Amino acid sequence: MFGKKPEANKSRAWKKLEKHYKKMRDVEMRDLFRKDPQRAERYTINLDSMMLDYSKNRITDRTMAYLLMLAKESKLAEKVEAMFKGDKINSTENRAVLHVALRNRENSPIYVDGKNVMPEINAVLAKMRKFSEDVRLGKFVGQTGKKLTNIVNIGIGGSDLGPKMATEALRKYWGKDIKCYFISNIDGTACSEVLNKVNPEETLFIVCSKTFTTIETLTNAKTCRKWLVDALGEHAVAKHFVAVSTNAKEVEKFGINTENMFEFWDFVGGRYSVWSAIGLSIAIAVGMDNFEKMLDGAHEMDMHFKYTEFSKNIPVILGLLGVWYNDFFHFNNTAVVPYDQYLQYVPAYLQQLVMESNGKFVSNDDTFIKYQTSPVIFGGAGTDVQHSFFQMIHQGTSIVPVDFIVPAISHNEIGEHHEILLANVLAQGEALMKGKTVKEAYDEMRRAGKPKEEAKRLKKYKSFPGNRPSNTIIFKKVDPYTLGMLIAMYEHKTFVEGVIWNIDSFDQMGVELGKQMALSILPELQNNASGISHDASTANLIATIRRLRN
Ligand code: G6Q
């Protein structure tokens with residue numbers, strides 16, 4: 001679509017960045033801050049009540065100029081436009097990529113194959129509004145006339161992680177009597193543990209599957225269906241099961257009336273589907289008005305991404321910094337640490353978003369790639385993780401850039417809790433950047449009265465190398481609007497990185513091989529059949545499992 005281009009690492013800007021990196025690798029951020037009182041201000045971007053401070057990065061104006069040049073050489077502007085226009089930028093699957101259409105709150109027409117997709121999107125939103133309100137108001141009730149207060153989402157991957165992350169993030173907004181549950185894993189424990197907690201008369205199952213062929217989801221849905229039918233009879237299915245899918249035929253085959261089906265489309269990738277009817281559990285939990293506020297927030301980030309010049313564009317800057325560390329410093333891990341308990345599932349959500357989108361080794365020009373693509377993403381809620389993996393972040397031999405996500409106000413302002421939490425996140429960013437020299441560590445111990453010999457012996461252990469990068473994203477509170485902004489910000493950051501790496505961020509062929517092999521191993525475990533020939537290790541594992549299960 002954009003013509004063959006030279007490999008990303010052969011471009012002019014890439015070469016300049018390689019040279020520039022050699023100068024930057026020994027530059028200390030503390031010196032940059034000391035020399036430049038405007039640094040924090042210059043490397044800060046405000047958008048509505050959200051602020052990104054990216055000053056604690058190993059960058060100068062020159063770095064940013066080269067990175068922006070890289071964006072230009074990668075035709076980022078053209079590719080952003082192509083995505084928003086509905087061009088088929090998912091080239092391996094020949095599909096448009098239009099999660100932005102799901103939250104196109106201006107309702108301007110967006111065409112795929114000459115057809116405006118907005119009327120269908122709006123129709124599904126209206127259907128979600130009607131259904132979620134009916135459930136919340138007790139107008140759509142279960143088989144025995146009871147209100148449906150237990151909402152069980154059955155789905156996996158993109159059909160689970162988004163709704164799970166967002167319902168948890170917005171827990172404070174849940175309707176009074178609503179409880180949400182998620183069943184994703186094929187492990188029977190996932191299903192049993194939820195079914196043990198709910199009672200059939202008050203339970204609504206939402207089966208979310210884009211393809212409606214995913215073995216985990218269909219197996220879990222069948223188990224739940226049987227559990228319901230055993231308790232309330234076959235007729236109850238229509239009152240207790242709805243589906244979200246692109247595949248009406250399979251939904252019907254499963255035994256869910258297509259009137260109870262919420263549609264979405266091929267142009268919505270699984271990991272980008274939280275904004276579609278896959279978000280039905282969110283809409284029921286927090287109300288459709290709040291769900292739409294989430295769409296509004298995402299739309300604001302979309303407009304910022306689409307129209308703001310790249311030097312002041314939050315997702316662009318974040319994406320460029322990601323490339324800077326990943327490909328030039330070779331810092332191939334990134335930690336995401338939200339300082340809010342309600343955002344505890346955001347790191348898991350981003351693991352899929354980033355690693356499934358950009359964990360690729362073939363370029364859009366069909367060549368094997370010779371540079372680093374997706375980093376490893378991990379994380380967890382602060383302050384908990386300060387007491388676990390932060391040891392490595394501060395003193396480990398590999399450097400891990402960190403994103404701190406910080407709401408200024410908590411939904412639970414109890415005593416000093418939130419101020420202590422905020423003091424901690426600010427301290428982490430500062431400590432990572434400044435570090436503590438061996439001499440500083442020594443002097444500190446001496447001041448505290450440690451004997452000379454002991455201070456000498458411990459001074460290296462108690463020192464911190466510092467110069468470790470972090471971004472801080474601050475906003476007022478975790479509300480639906482801000483959550484929408486935050487998630488859209490990471491989607492676009494991921495897109496920017498994918499464009500620079502010249503990969504298709506919207507397929508996921510890497511998950512197929514394992515699935516395929518599992519299907520052939522299954523009969524070997526079930527019937528002792530002999531299947532494909534295995535390597536010695538796998539053959540031995542199969543034999544051991546057979547023995548243990550007998
Ligand atoms: C996401 C992936 C993947 C997908 C699951 C579930 O982008 O496509 O995680 O969401 O495999 O697929 P179904 O929704 O089709 O069941």
# chains A, B, ... in the order shown; residues from 1 in each chain; ligands from 1
call {"tool": "closest_atom_pairs", "arguments": {"of": "chain A", "to": "ligand 1", "cutoff": "10 Å", "atoms": "only C-alpha atoms and all ligand atoms", "output": "tab-separated table"}}
result
residue	atom	partner	partner_atom_place_in_ligand_line	distance
A:Ile154	CA	ligand 1	16 (O)	9.3
A:Gly155	CA	ligand 1	16 (O)	6.1
A:Ile156	CA	ligand 1	6 (C)	4.9
A:Gly157	CA	ligand 1	9 (O)	3.4
A:Gly158	CA	ligand 1	10 (O)	3.3
A:Ser159	CA	ligand 1	14 (O)	4.9
A:Asp160	CA	ligand 1	10 (O)	7.6
A:Leu161	CA	ligand 1	9 (O)	8.4
A:Gly162	CA	ligand 1	10 (O)	9.6
A:Ser184	CA	ligand 1	6 (C)	9.4
A:Val207	CA	ligand 1	16 (O)	9.0
A:Cys208	CA	ligand 1	14 (O)	6.1
A:Ser209	CA	ligand 1	14 (O)	3.4
A:Lys210	CA	ligand 1	14 (O)	3.7
A:Thr211	CA	ligand 1	15 (O)	3.7
A:Phe212	CA	ligand 1	16 (O)	5.5
A:Thr213	CA	ligand 1	16 (O)	6.3
A:Thr214	CA	ligand 1	16 (O)	4.6
A:Ile215	CA	ligand 1	16 (O)	8.0
A:Glu216	CA	ligand 1	16 (O)	8.0
A:Thr217	CA	ligand 1	16 (O)	6.3
A:Leu218	CA	ligand 1	16 (O)	8.3
A:Val244	CA	ligand 1	14 (O)	8.7
A:Ser245	CA	ligand 1	14 (O)	7.3
A:Thr246	CA	ligand 1	15 (O)	8.6
A:Asn247	CA	ligand 1	15 (O)	9.2
A:Val268	CA	ligand 1	7 (O)	8.7
A:Gly269	CA	ligand 1	7 (O)	5.0
A:Gly270	CA	ligand 1	7 (O)	3.5
A:Arg271	CA	ligand 1	7 (O)	3.7
A:Tyr272	CA	ligand 1	7 (O)	6.6
A:Ser273	CA	ligand 1	7 (O)	8.0
A:Ile278	CA	ligand 1	14 (O)	8.7
A:Gln352	CA	ligand 1	9 (O)	7.4
A:Leu353	CA	ligand 1	7 (O)	7.6
A:Glu356	CA	ligand 1	7 (O)	7.0
A:Ser357	CA	ligand 1	7 (O)	7.7
A:Ser505	CA	ligand 1	7 (O)	9.8
A:Phe506	CA	ligand 1	7 (O)	7.4
A:Asp507	CA	ligand 1	7 (O)	7.3
A:Gln508	CA	ligand 1	8 (O)	6.4
A:Met509	CA	ligand 1	8 (O)	9.1
A:Val511	CA	ligand 1	11 (O)	8.2
A:Glu512	CA	ligand 1	11 (O)	9.5
call {"tool": "write_last_selection", "arguments": {"atoms": "C-alpha atoms", "output": "short mmCIF file (atom, residue, chain, number, x, y, z; two decimals), in the first residue's frame"}}
result
data_model
loop_
_atom_site.label_atom_id
_atom_site.label_comp_id
_atom_site.auth_asym_id
_atom_site.auth_seq_id
_atom_site.Cartn_x
_atom_site.Cartn_y
_atom_site.Cartn_z
CA ILE A 154 -17.14 -16.18 29.04
CA GLY A 155 -14.34 -15.39 26.60
CA ILE A 156 -10.56 -15.53 26.30
CA GLY A 157 -7.74 -13.27 25.08
CA GLY A 158 -9.20 -10.15 23.55
CA SER A 159 -12.69 -11.32 24.48
CA ASP A 160 -11.76 -11.38 28.16
CA LEU A 161 -8.83 -9.15 29.05
CA GLY A 162 -10.46 -5.84 28.05
CA SER A 184 -11.51 -17.57 30.37
CA VAL A 207 -20.45 -15.59 25.62
CA CYS A 208 -17.89 -13.38 23.91
CA SER A 209 -16.12 -14.80 20.91
CA LYS A 210 -15.36 -13.03 17.69
CA THR A 211 -15.06 -16.28 15.77
CA PHE A 212 -17.28 -18.42 18.01
CA THR A 213 -14.94 -21.32 17.35
CA THR A 214 -12.45 -20.85 20.19
CA ILE A 215 -12.19 -24.14 22.02
CA GLU A 216 -11.78 -22.66 25.51
CA THR A 217 -14.78 -20.36 25.20
CA LEU A 218 -17.06 -22.94 23.61
CA VAL A 244 -21.17 -11.28 21.28
CA SER A 245 -19.71 -12.40 17.97
CA THR A 246 -19.12 -11.80 14.29
CA ASN A 247 -20.34 -15.32 13.53
CA VAL A 268 -12.14 -4.94 15.07
CA GLY A 269 -9.19 -7.00 16.27
CA GLY A 270 -9.76 -9.11 19.40
CA ARG A 271 -7.32 -7.12 21.54
CA TYR A 272 -8.92 -3.87 20.33
CA SER A 273 -12.49 -5.00 20.95
CA ILE A 278 -17.35 -7.21 23.80
CA GLN A 352 -1.55 -8.76 25.14
CA LEU A 353 -1.94 -5.41 23.43
CA GLU A 356 0.55 -9.81 20.51
CA SER A 357 0.56 -6.72 18.29
CA SER A 505 0.48 -5.02 14.38
CA PHE A 506 -2.97 -6.45 13.76
CA ASP A 507 -2.55 -10.15 13.07
CA GLN A 508 -1.51 -12.84 15.58
CA MET A 509 -0.36 -15.82 13.59
CA VAL A 511 -0.64 -18.18 18.48
CA GLU A 512 -1.65 -20.75 15.88
#
call {"tool": "residues_around", "arguments": {"residues": "Asn90 of chain A", "least_positions_apart": "5", "cutoff": "12 Å", "atoms": "only C-alpha atoms", "output": "list in words"}}
result
Met1, Lys79, Ala82, Met83, Arg95, Ala96, Val97, Leu98, Asp266, Phe267, Val268, Gly269, Ser357, Asn364, Phe495, Gly498, Val499, Asn502, Ile503, Asp504, Ser505, Phe506, Asp507 and Gln508 of chain A
call {"tool": "write_last_selection", "arguments": {"atoms": "N, CA and C atoms", "output": "PDB file, in the first residue's frame"}}
result
ATOM      1  N   MET A   1       0.841  -1.218   0.000  1.00  0.00           N
ATOM      2  CA  MET A   1       0.000   0.000   0.000  1.00  0.00           C
ATOM      3  C   MET A   1       0.870   1.259   0.000  1.00  0.00           C
ATOM      4  N   LYS A  79       0.351   6.751   7.682  1.00  0.00           N
ATOM      5  CA  LYS A  79      -0.215   5.492   8.191  1.00  0.00           C
ATOM      6  C   LYS A  79      -1.317   5.758   9.218  1.00  0.00           C
ATOM      7  N   ALA A  82      -4.230   6.555   7.171  1.00  0.00           N
ATOM      8  CA  ALA A  82      -4.771   5.339   6.531  1.00  0.00           C
ATOM      9  C   ALA A  82      -5.621   4.540   7.521  1.00  0.00           C
ATOM     10  N   MET A  83      -5.155   4.440   8.767  1.00  0.00           N
ATOM     11  CA  MET A  83      -5.935   3.683   9.758  1.00  0.00           C
ATOM     12  C   MET A  83      -7.297   4.351   9.975  1.00  0.00           C
ATOM     13  N   ARG A  95      -7.528  -6.668   6.086  1.00  0.00           N
ATOM     14  CA  ARG A  95      -8.647  -6.086   6.834  1.00  0.00           C
ATOM     15  C   ARG A  95      -8.346  -4.650   7.224  1.00  0.00           C
ATOM     16  N   ALA A  96      -9.404  -3.856   7.322  1.00  0.00           N
ATOM     17  CA  ALA A  96      -9.281  -2.528   7.913  1.00  0.00           C
ATOM     18  C   ALA A  96      -9.094  -2.699   9.417  1.00  0.00           C
ATOM     19  N   VAL A  97      -8.633  -1.644  10.058  1.00  0.00           N
ATOM     20  CA  VAL A  97      -8.368  -1.673  11.506  1.00  0.00           C
ATOM     21  C   VAL A  97      -9.102  -0.493  12.122  1.00  0.00           C
ATOM     22  N   LEU A  98     -10.306  -0.758  12.590  1.00  0.00           N
ATOM     23  CA  LEU A  98     -11.151   0.399  12.917  1.00  0.00           C
ATOM     24  C   LEU A  98     -11.703   0.398  14.338  1.00  0.00           C
ATOM     25  N   ASP A 266     -15.203  -7.726  11.430  1.00  0.00           N
ATOM     26  CA  ASP A 266     -13.838  -8.127  11.109  1.00  0.00           C
ATOM     27  C   ASP A 266     -12.819  -7.012  11.269  1.00  0.00           C
ATOM     28  N   PHE A 267     -13.277  -5.773  11.156  1.00  0.00           N
ATOM     29  CA  PHE A 267     -12.318  -4.667  11.260  1.00  0.00           C
ATOM     30  C   PHE A 267     -11.989  -4.318  12.719  1.00  0.00           C
ATOM     31  N   VAL A 268     -12.498  -5.129  13.656  1.00  0.00           N
ATOM     32  CA  VAL A 268     -12.141  -4.939  15.069  1.00  0.00           C
ATOM     33  C   VAL A 268     -11.307  -6.142  15.511  1.00  0.00           C
ATOM     34  N   GLY A 269     -10.048  -5.911  15.796  1.00  0.00           N
ATOM     35  CA  GLY A 269      -9.189  -7.002  16.266  1.00  0.00           C
ATOM     36  C   GLY A 269      -9.575  -7.368  17.694  1.00  0.00           C
ATOM     37  N   SER A 357       0.549  -7.619  19.456  1.00  0.00           N
ATOM     38  CA  SER A 357       0.562  -6.724  18.291  1.00  0.00           C
ATOM     39  C   SER A 357       1.948  -6.656  17.658  1.00  0.00           C
ATOM     40  N   ASN A 364       6.467  -5.899   6.907  1.00  0.00           N
ATOM     41  CA  ASN A 364       5.424  -5.703   5.901  1.00  0.00           C
ATOM     42  C   ASN A 364       5.934  -5.936   4.483  1.00  0.00           C
ATOM     43  N   PHE A 495       0.770   1.209  18.091  1.00  0.00           N
ATOM     44  CA  PHE A 495       0.670   1.409  16.634  1.00  0.00           C
ATOM     45  C   PHE A 495       1.923   2.125  16.111  1.00  0.00           C
ATOM     46  N   GLY A 498       4.794  -0.174  15.948  1.00  0.00           N
ATOM     47  CA  GLY A 498       4.600  -1.121  14.842  1.00  0.00           C
ATOM     48  C   GLY A 498       4.925  -0.483  13.501  1.00  0.00           C
ATOM     49  N   VAL A 499       4.542   0.786  13.338  1.00  0.00           N
ATOM     50  CA  VAL A 499       4.829   1.486  12.077  1.00  0.00           C
ATOM     51  C   VAL A 499       6.338   1.631  11.900  1.00  0.00           C
ATOM     52  N   ASN A 502       7.866  -1.423  10.936  1.00  0.00           N
ATOM     53  CA  ASN A 502       7.346  -1.878   9.632  1.00  0.00           C
ATOM     54  C   ASN A 502       6.751  -3.282   9.717  1.00  0.00           C
ATOM     55  N   ILE A 503       5.883  -3.471  10.736  1.00  0.00           N
ATOM     56  CA  ILE A 503       5.239  -4.778  10.884  1.00  0.00           C
ATOM     57  C   ILE A 503       3.727  -4.617  10.872  1.00  0.00           C
ATOM     58  N   ASP A 504       3.032  -5.722  10.693  1.00  0.00           N
ATOM     59  CA  ASP A 504       1.573  -5.720  10.796  1.00  0.00           C
ATOM     60  C   ASP A 504       1.233  -5.958  12.271  1.00  0.00           C
ATOM     61  N   SER A 505       0.778  -4.912  12.943  1.00  0.00           N
ATOM     62  CA  SER A 505       0.480  -5.017  14.382  1.00  0.00           C
ATOM     63  C   SER A 505      -0.882  -5.646  14.628  1.00  0.00           C
ATOM     64  N   PHE A 506      -1.562  -6.092  13.576  1.00  0.00           N
ATOM     65  CA  PHE A 506      -2.973  -6.452  13.758  1.00  0.00           C
ATOM     66  C   PHE A 506      -3.295  -7.914  13.459  1.00  0.00           C
ATOM     67  N   ASP A 507      -2.292  -8.713  13.152  1.00  0.00           N
ATOM     68  CA  ASP A 507      -2.555 -10.155  13.066  1.00  0.00           C
ATOM     69  C   ASP A 507      -1.938 -10.824  14.295  1.00  0.00           C
ATOM     70  N   GLN A 508      -2.099 -12.115  14.433  1.00  0.00           N
ATOM     71  CA  GLN A 508      -1.513 -12.836  15.583  1.00  0.00           C
ATOM     72  C   GLN A 508      -1.269 -14.289  15.197  1.00  0.00           C
TER      73      GLN A 508
END
call {"tool": "atom_distance", "arguments": {"atom1": "atom CA of Ile405 of chain A", "atom2": "atom CA of Leu67 of chain A"}}
result
23.8 Å
call {"tool": "closest_atom_pairs", "arguments": {"of": "segment 95-148 of chain A", "to": "segment 298-312 of chain A", "cutoff": "10 Å", "atoms": "only C-alpha atoms", "output": "tab-separated table"}}
result
residue	atom	partner	partner_atom	distance
A:Val100	CA	A:Asp302	CA	7.0
A:Ala101	CA	A:His299	CA	9.1
A:Leu102	CA	A:His299	CA	9.1
A:Arg103	CA	A:His299	CA	5.6
A:Asn104	CA	A:His299	CA	6.2
A:Arg105	CA	A:His299	CA	6.6
A:Glu106	CA	A:His299	CA	8.9
call {"tool": "write_last_selection", "arguments": {"atoms": "all heavy atoms", "output": "compact mmCIF listing (two decimals), in the first residue's frame"}}
result
# COMPACT_ATOMS: atom_id res chain seq x y z
N VAL A 100 -10.98 2.63 16.14
CA VAL A 100 -11.29 4.07 16.30
C VAL A 100 -12.71 4.40 15.84
O VAL A 100 -13.31 5.36 16.33
CB VAL A 100 -10.26 4.97 15.58
CG1 VAL A 100 -8.89 4.86 16.23
CG2 VAL A 100 -10.17 4.68 14.10
N ALA A 101 -13.27 3.59 14.94
CA ALA A 101 -14.65 3.86 14.49
C ALA A 101 -15.64 3.54 15.61
O ALA A 101 -16.70 4.17 15.71
CB ALA A 101 -14.97 3.01 13.25
N LEU A 102 -15.29 2.59 16.48
CA LEU A 102 -16.20 2.21 17.56
C LEU A 102 -16.43 3.35 18.53
O LEU A 102 -17.40 3.37 19.27
CB LEU A 102 -15.64 1.00 18.32
CG LEU A 102 -15.36 -0.25 17.48
CD1 LEU A 102 -14.61 -1.28 18.31
CD2 LEU A 102 -16.66 -0.85 16.95
N ARG A 103 -15.47 4.28 18.56
CA ARG A 103 -15.59 5.42 19.49
C ARG A 103 -15.54 6.72 18.72
O ARG A 103 -15.07 7.74 19.22
CB ARG A 103 -14.51 5.31 20.55
CG ARG A 103 -13.11 5.28 19.99
CD ARG A 103 -12.21 4.28 20.65
NE ARG A 103 -10.83 4.55 20.24
CZ ARG A 103 -9.81 3.77 20.47
NH1 ARG A 103 -9.98 2.64 21.12
NH2 ARG A 103 -8.61 4.10 20.09
N ASN A 104 -16.00 6.67 17.49
CA ASN A 104 -16.02 7.86 16.64
C ASN A 104 -17.24 8.69 17.04
O ASN A 104 -18.29 8.64 16.40
CB ASN A 104 -16.09 7.42 15.18
CG ASN A 104 -16.33 8.57 14.23
OD1 ASN A 104 -16.11 9.74 14.57
ND2 ASN A 104 -16.80 8.24 13.04
N ARG A 105 -17.10 9.44 18.10
CA ARG A 105 -18.26 10.09 18.72
C ARG A 105 -18.81 11.22 17.89
O ARG A 105 -19.91 11.69 18.15
CB ARG A 105 -17.90 10.56 20.14
CG ARG A 105 -17.25 9.50 20.99
CD ARG A 105 -18.11 8.27 21.20
NE ARG A 105 -19.20 8.51 22.11
CZ ARG A 105 -20.32 7.79 22.16
NH1 ARG A 105 -20.49 6.78 21.30
NH2 ARG A 105 -21.25 8.06 23.02
N GLU A 106 -18.06 11.67 16.89
CA GLU A 106 -18.61 12.70 16.00
C GLU A 106 -19.48 12.07 14.94
O GLU A 106 -20.19 12.75 14.22
CB GLU A 106 -17.47 13.44 15.31
CG GLU A 106 -16.85 14.49 16.18
CD GLU A 106 -15.38 14.67 15.87
OE1 GLU A 106 -15.00 14.62 14.69
OE2 GLU A 106 -14.62 14.83 16.84
call {"tool": "atom_distance", "arguments": {"atom1": "atom CA of Pro451 of chain A", "atom2": "atom CA of Gln428 of chain A"}}
result
28.7 Å
call {"tool": "atom_distance", "arguments": {"atom1": "atom CA of Phe84 of chain A", "atom2": "atom CA of Met288 of chain A"}}
result
24.8 Å
call {"tool": "select_by_dssp", "arguments": {"residues": "segment 98-296 of chain A", "states": "helix (DSSP H, G or I)", "output": "ChimeraX atom specification"}}
result
/A:99-102,118-136,157-159,161-169,171-173,188-195,200-202,215-232,234-240,248-254,258-260,270-275,277-286,288-296
call {"tool": "residues_around", "arguments": {"residues": "segment 119-132 of chain A", "least_positions_apart": "5", "cutoff": "9 Å", "atoms": "only C-alpha atoms", "output": "VMD selection string"}}
result
chain A and resid 101 to 102 107 109 137 140 262 to 264 276 to 277 280 to 281 283 to 285 287 to 289 292
call {"tool": "residues_around", "arguments": {"residues": "Thr258 of chain A", "least_positions_apart": "2", "cutoff": "9 Å", "atoms": "only C-alpha atoms", "output": "NGL selection string"}}
result
:A and (242-243 or 248-249 or 251-252 or 255-256 or 260-262)
call {"tool": "residues_around", "arguments": {"residues": "Leu228 of chain A", "least_positions_apart": "2", "cutoff": "10 Å", "atoms": "only C-alpha atoms", "output": "PDB file with N, CA and C atoms, in the first residue's frame"}}
result
ATOM      1  N   LEU A 195     -18.954 -20.834  39.024  1.00  0.00           N
ATOM      2  CA  LEU A 195     -20.281 -21.447  39.189  1.00  0.00           C
ATOM      3  C   LEU A 195     -20.597 -21.739  40.663  1.00  0.00           C
ATOM      4  N   ASN A 199     -25.861 -18.177  41.574  1.00  0.00           N
ATOM      5  CA  ASN A 199     -26.982 -19.110  41.486  1.00  0.00           C
ATOM      6  C   ASN A 199     -27.696 -18.915  40.156  1.00  0.00           C
ATOM      7  N   PRO A 200     -28.164 -20.014  39.555  1.00  0.00           N
ATOM      8  CA  PRO A 200     -28.639 -19.971  38.171  1.00  0.00           C
ATOM      9  C   PRO A 200     -29.748 -18.942  37.939  1.00  0.00           C
ATOM     10  N   GLU A 201     -30.650 -18.805  38.890  1.00  0.00           N
ATOM     11  CA  GLU A 201     -31.797 -17.912  38.660  1.00  0.00           C
ATOM     12  C   GLU A 201     -31.402 -16.451  38.428  1.00  0.00           C
ATOM     13  N   THR A 203     -28.329 -15.373  37.169  1.00  0.00           N
ATOM     14  CA  THR A 203     -27.058 -15.277  36.437  1.00  0.00           C
ATOM     15  C   THR A 203     -27.266 -15.101  34.928  1.00  0.00           C
ATOM     16  N   PHE A 205     -25.111 -15.129  31.421  1.00  0.00           N
ATOM     17  CA  PHE A 205     -23.837 -15.476  30.788  1.00  0.00           C
ATOM     18  C   PHE A 205     -23.708 -14.699  29.484  1.00  0.00           C
ATOM     19  N   LYS A 222     -20.382 -24.355  27.043  1.00  0.00           N
ATOM     20  CA  LYS A 222     -21.187 -25.599  27.088  1.00  0.00           C
ATOM     21  C   LYS A 222     -21.370 -26.061  28.526  1.00  0.00           C
ATOM     22  N   THR A 223     -20.296 -25.997  29.297  1.00  0.00           N
ATOM     23  CA  THR A 223     -20.369 -26.416  30.708  1.00  0.00           C
ATOM     24  C   THR A 223     -21.364 -25.529  31.465  1.00  0.00           C
ATOM     25  N   CYS A 224     -21.296 -24.240  31.228  1.00  0.00           N
ATOM     26  CA  CYS A 224     -22.203 -23.316  31.929  1.00  0.00           C
ATOM     27  C   CYS A 224     -23.649 -23.545  31.461  1.00  0.00           C
ATOM     28  N   ARG A 225     -23.796 -23.823  30.179  1.00  0.00           N
ATOM     29  CA  ARG A 225     -25.141 -24.060  29.637  1.00  0.00           C
ATOM     30  C   ARG A 225     -25.751 -25.298  30.302  1.00  0.00           C
ATOM     31  N   LYS A 226     -24.970 -26.338  30.423  1.00  0.00           N
ATOM     32  CA  LYS A 226     -25.460 -27.577  31.032  1.00  0.00           C
ATOM     33  C   LYS A 226     -25.849 -27.319  32.495  1.00  0.00           C
ATOM     34  N   ASP A 230     -29.580 -27.923  33.696  1.00  0.00           N
ATOM     35  CA  ASP A 230     -29.832 -28.880  34.788  1.00  0.00           C
ATOM     36  C   ASP A 230     -30.665 -28.230  35.886  1.00  0.00           C
ATOM     37  N   ALA A 231     -30.451 -26.949  36.114  1.00  0.00           N
ATOM     38  CA  ALA A 231     -31.167 -26.282  37.210  1.00  0.00           C
ATOM     39  C   ALA A 231     -32.523 -25.742  36.778  1.00  0.00           C
ATOM     40  N   LEU A 232     -32.588 -25.168  35.553  1.00  0.00           N
ATOM     41  CA  LEU A 232     -33.807 -24.435  35.186  1.00  0.00           C
ATOM     42  C   LEU A 232     -34.489 -24.926  33.912  1.00  0.00           C
ATOM     43  N   GLY A 233     -33.899 -25.898  33.254  1.00  0.00           N
ATOM     44  CA  GLY A 233     -34.524 -26.428  32.029  1.00  0.00           C
ATOM     45  C   GLY A 233     -34.056 -25.700  30.782  1.00  0.00           C
ATOM     46  N   GLU A 234     -34.288 -26.358  29.649  1.00  0.00           N
ATOM     47  CA  GLU A 234     -33.809 -25.884  28.341  1.00  0.00           C
ATOM     48  C   GLU A 234     -34.325 -24.471  28.016  1.00  0.00           C
ATOM     49  N   HIS A 235     -35.587 -24.204  28.399  1.00  0.00           N
ATOM     50  CA  HIS A 235     -36.181 -22.905  28.076  1.00  0.00           C
ATOM     51  C   HIS A 235     -35.401 -21.730  28.653  1.00  0.00           C
ATOM     52  N   ALA A 236     -34.684 -22.002  29.743  1.00  0.00           N
ATOM     53  CA  ALA A 236     -34.005 -20.899  30.454  1.00  0.00           C
ATOM     54  C   ALA A 236     -32.864 -20.300  29.637  1.00  0.00           C
ATOM     55  N   VAL A 237     -32.369 -21.067  28.642  1.00  0.00           N
ATOM     56  CA  VAL A 237     -31.185 -20.600  27.908  1.00  0.00           C
ATOM     57  C   VAL A 237     -31.417 -19.206  27.308  1.00  0.00           C
ATOM     58  N   HIS A 240     -30.943 -16.502  29.846  1.00  0.00           N
ATOM     59  CA  HIS A 240     -29.711 -16.430  30.640  1.00  0.00           C
ATOM     60  C   HIS A 240     -28.438 -16.415  29.800  1.00  0.00           C
ATOM     61  N   PHE A 241     -28.586 -16.537  28.490  1.00  0.00           N
ATOM     62  CA  PHE A 241     -27.391 -16.552  27.623  1.00  0.00           C
ATOM     63  C   PHE A 241     -27.510 -15.517  26.518  1.00  0.00           C
TER      64      PHE A 241
END
call {"tool": "closest_atom_pairs", "arguments": {"of": "segment 363-419 of chain A", "to": "segment 317-341 of chain A", "cutoff": "6 Å", "atoms": "only C-alpha atoms", "output": "JSON lines"}}
result
{"residue": "A:Gln372", "atom": "CA", "partner": "A:Asp327", "partner_atom": "CA", "distance": 5.7}
{"residue": "A:Pro375", "atom": "CA", "partner": "A:Asn332", "partner_atom": "CA", "distance": 4.7}
{"residue": "A:Val376", "atom": "CA", "partner": "A:Asn333", "partner_atom": "CA", "distance": 4.6}
{"residue": "A:Ile377", "atom": "CA", "partner": "A:Thr334", "partner_atom": "CA", "distance": 5.0}
{"residue": "A:Phe378", "atom": "CA", "partner": "A:Ala335", "partner_atom": "CA", "distance": 5.0}
{"residue": "A:Gly379", "atom": "CA", "partner": "A:Val336", "partner_atom": "CA", "distance": 4.8}
{"residue": "A:Gly380", "atom": "CA", "partner": "A:Val337", "partner_atom": "CA", "distance": 5.4}
{"residue": "A:Ala381", "atom": "CA", "partner": "A:Pro338", "partner_atom": "CA", "distance": 5.1}
{"residue": "A:Gly382", "atom": "CA", "partner": "A:Tyr339", "partner_atom": "CA", "distance": 4.6}
{"residue": "A:Ile399", "atom": "CA", "partner": "A:Phe331", "partner_atom": "CA", "distance": 5.8}
{"residue": "A:Val400", "atom": "CA", "partner": "A:Thr334", "partner_atom": "CA", "distance": 5.4}
{"residue": "A:Pro401", "atom": "CA", "partner": "A:Thr334", "partner_atom": "CA", "distance": 5.2}
{"residue": "A:Val402", "atom": "CA", "partner": "A:Ala335", "partner_atom": "CA", "distance": 4.7}
{"residue": "A:Asp403", "atom": "CA", "partner": "A:Val336", "partner_atom": "CA", "distance": 4.8}
{"residue": "A:Phe404", "atom": "CA", "partner": "A:Val337", "partner_atom": "CA", "distance": 5.1}
{"residue": "A:Ile405", "atom": "CA", "partner": "A:Pro338", "partner_atom": "CA", "distance": 4.3}
{"residue": "A:Val406", "atom": "CA", "partner": "A:Tyr339", "partner_atom": "CA", "distance": 5.4}
call {"tool": "closest_residue", "arguments": {"among": "A:Ser463, A:Ser520, A:Gln143, A:Asn550", "to": "Val438 of chain A", "atoms": "only C-alpha atoms"}}
result
A:Ser463
call {"tool": "select_by_dssp", "arguments": {"residues": "segment 244-282 of chain A", "states": "strand (DSSP E or B)", "output": "ChimeraX atom specification"}}
result
/A:244-245,261-263
call {"tool": "closest_residue", "arguments": {"among": "A:Asn46, A:Asn290, A:Thr437, A:Ser11", "to": "Lys75 of chain A", "atoms": "only C-alpha atoms"}}
result
A:Ser11
call {"tool": "residues_around", "arguments": {"residues": "Met433 of chain A", "least_positions_apart": "6", "cutoff": "6 Å", "atoms": "only C-alpha atoms", "output": "list of chain:residue names"}}
result
A:Gly466, A:Asn467, A:Arg468
